[in-house]
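Input: a single structure, listed below in structure tokens.
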Amino acid sequence: MSSDEVLTNHSYDGIQEYDNPLPGWWKWTFVGTAVFSVLYFMYYHLGAPGRSIYEQYDRELAEVTRLQFQEIGELQPTEATILEYMGKENWLKIGEVVFKTHCASCHGRHGEGKVGPNLTDEFYKHVRKLEDIARVVQDGANAGAMPAWGNRLHVNEIVLVSAYVASLRGTNVSGGKSAEGNPIPAWPSAVASHEPQTSAAEDTSPSETSD
């Protein structure tokens with residue numbers, strides 16, 4: 001043992017250790033990773049919406065899915081269309097991404113309400129029927145407090161985000177903002193909306209012939 005090698009004062013099973021401190025660069029690297037992990041967590045998990053890798057994936061997925069808009073053409077913001085896409089999970093996912101990208105800052109990430117009203121209860125301020133959601137998204141409301149998105153979103157995005165917002169009704173997210181507006185009738189069922197209409201004069205029974 002050289003003169004500059006110092007043993008520690010403790011031993012394990014008769015084995016003593018040299019008192020060799022960790023290199024300074026190793027210590028500072030460890031401190032740096034600890035500090036970086038805190039900043040990383042704050043930026044990606046506690047920061048503004050849309051920064052987590054999951055939300056980035058959702059946005060990229062939505063971008064790819066938007067290329068499929070040619071499959072469905074240009075949707076119309078009608079009650080029947082919104083009802084139809086409320087039942088299509090793959091398209092409703094695009095509506096969720098549009099909501100979290102553009103609407104979460106005012107309405108909360110889960111629709112619980114912040115500056116904007118709670119979208120998860122049974123009370124509405126500017127909506128009386130289902131298609132009113134699309135109208136409010138497109139044209140805005142409350143003297144601009146709710147901005148108009150008609151010139152910034154594709155009409156299909158308006159329909160899909162409207163379907164997503166409609167799907168939030170009645171989820172009553174905990175910690176949600178107090179109710180604003182008035183209760184309105186329940187959304188019509190998709191089945192009733194698509195039920196075929198026949199006139200009284202229309203004869204749908206097979207014709208009968210006499211012998």
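Identifiers in the structure tokens: chain A, B, ... in order shown; residue index from 1 per chain; ligand index from 1 in order shown.
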Residues within 8 Å of segment 71-83 of chain A, only C-alpha atoms, excluding chain neighbours under 4 positions, as an NGL selection string: :A and (87 or 130-131 or 134-135 or 155-156 or 158-160 or 162-163 or 189-190 or 193-194)
For segment 115-123 of chain A, please output as a PyMOL selection string all residues within 12 Å (counting only C-alpha atoms; exclusion window: fewer than 3 positions along the same chain). chain A and resi 99+103-112+126-129+133+141-142+144-147+162+164-187
Restrict the selected residues to C-alpha atoms and save them as a short mmCIF file (atom, residue, chain, number, x, y, z; two decimals), in the first residue's frame.
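Output below, filename selection05.cif:
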data_model
loop_
_atom_site.label_atom_id
_atom_site.label_comp_id
_atom_site.auth_asym_id
_atom_site.auth_seq_id
_atom_site.Cartn_x
_atom_site.Cartn_y
_atom_site.Cartn_z
CA PHE A 99 -60.14 19.54 -28.30
CA CYS A 103 -59.88 23.96 -26.34
CA ALA A 104 -58.22 22.58 -23.20
CA SER A 105 -56.69 25.92 -22.18
CA CYS A 106 -60.20 27.32 -21.55
CA HIS A 107 -62.33 24.23 -20.92
CA GLY A 108 -59.80 21.98 -19.15
CA ARG A 109 -58.08 18.87 -20.44
CA HIS A 110 -61.11 16.72 -19.63
CA GLY A 111 -63.78 19.34 -20.26
CA GLU A 112 -64.11 20.18 -16.57
CA HIS A 126 -75.34 28.66 -25.82
CA VAL A 127 -76.49 25.17 -26.75
CA ARG A 128 -80.11 24.03 -26.97
CA LYS A 129 -79.74 21.19 -29.45
CA ILE A 133 -72.23 22.77 -30.48
CA ALA A 141 -70.19 32.96 -28.74
CA ASN A 142 -70.47 35.33 -25.81
CA GLY A 144 -65.89 36.68 -28.61
CA ALA A 145 -65.14 35.11 -25.23
CA MET A 146 -65.60 31.85 -27.09
CA PRO A 147 -63.55 32.44 -30.26
CA SER A 162 -68.37 18.70 -31.64
CA TYR A 164 -66.29 14.65 -28.79
CA VAL A 165 -67.68 17.55 -26.74
CA ALA A 166 -71.17 16.04 -26.95
CA SER A 167 -69.75 12.73 -25.70
CA LEU A 168 -68.42 14.45 -22.56
CA ARG A 169 -71.93 15.29 -21.39
CA GLY A 170 -72.87 13.59 -18.14
CA THR A 171 -69.32 12.40 -17.32
CA ASN A 172 -69.24 14.93 -14.46
CA VAL A 173 -65.47 15.10 -14.04
CA SER A 174 -64.49 15.54 -10.40
CA GLY A 175 -63.35 19.02 -9.47
CA GLY A 176 -65.26 20.49 -12.38
CA LYS A 177 -66.32 24.11 -12.56
CA SER A 178 -69.73 25.04 -11.15
CA ALA A 179 -72.65 24.69 -13.54
CA GLU A 180 -73.41 27.60 -15.86
CA GLY A 181 -76.45 28.10 -18.05
CA ASN A 182 -79.50 25.87 -18.02
CA PRO A 183 -80.21 22.14 -18.35
CA ILE A 184 -81.36 21.05 -21.78
CA PRO A 185 -83.06 17.91 -23.15
CA ALA A 186 -80.93 14.82 -23.66
CA TRP A 187 -79.27 14.26 -27.02
#
In Å to one decimal, how far is atom CA of Glu55 of chain A from atom CA of Lys125 of chain A?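 Straight-line distance from atom CA of Lys125 of chain A to atom CA of Glu55 of chain A works out to 29.4 Å.
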For segment 20-24 of chain A, find every residue with an atom within 10 Å (counting only C-alpha atoms), except residues of its own chain fewer than 6 positions away, and show them as a compact mmCIF listing (two decimals) with N, CA and C atoms, in the first residue's frame.
# COMPACT_ATOMS: atom_id res chain seq x y z
N GLU A 5 -2.46 6.11 -0.06
CA GLU A 5 -3.67 5.32 -0.02
C GLU A 5 -4.11 5.18 1.43
N VAL A 6 -5.31 5.68 1.73
CA VAL A 6 -5.80 5.71 3.10
C VAL A 6 -6.96 4.73 3.23
N LEU A 7 -6.94 3.94 4.30
CA LEU A 7 -8.03 3.00 4.56
C LEU A 7 -9.12 3.67 5.37
N THR A 8 -10.34 3.23 5.17
CA THR A 8 -11.44 3.73 5.99
C THR A 8 -11.37 3.09 7.37
N PHE A 30 -24.04 13.06 -12.01
CA PHE A 30 -25.18 12.55 -11.27
C PHE A 30 -26.10 13.70 -10.85
Using DSSP on the backbone, list every residue of chain A that comes out as strand (DSSP E), and give them as JSON, numbers by chain. {"A": [7, 8, 9, 10, 11, 12, 15, 16, 17, 18, 123, 124, 182, 183]}
What is the atom CA of Glu96 of chain A-atom CA of Arg59 of chain A distance in Å, reported with one decimal?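 Spanning atom CA of Glu96 of chain A to atom CA of Arg59 of chain A is a straight-line distance of 9.9 Å.
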Between atom CA of Glu63 of chain A and atom CA of Leu46 of chain A, what distance in Å does the model show, to one decimal?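 The value is 24.5 Å.
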Please report, as a PyMOL selection string, each residue of segment 13-167 of chain A to which DSSP assigns helix (DSSP H, G or I) when run on this structure's backbone. chain A and resi 24-45+53-66+69-72+79-86+89-102+104-107+131-139+142-144+155-167
Choose the residue, out of A:Ile53, A:Asp139, A:His154, A:Leu39, that has the smallest atom-to-atom separation from Ile94 of chain A; count only C-alpha atoms.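 Of A:Ile53, A:Asp139, A:His154, A:Leu39, the one nearest Ile94 of chain A is A:His154, counting only C-alpha atoms.
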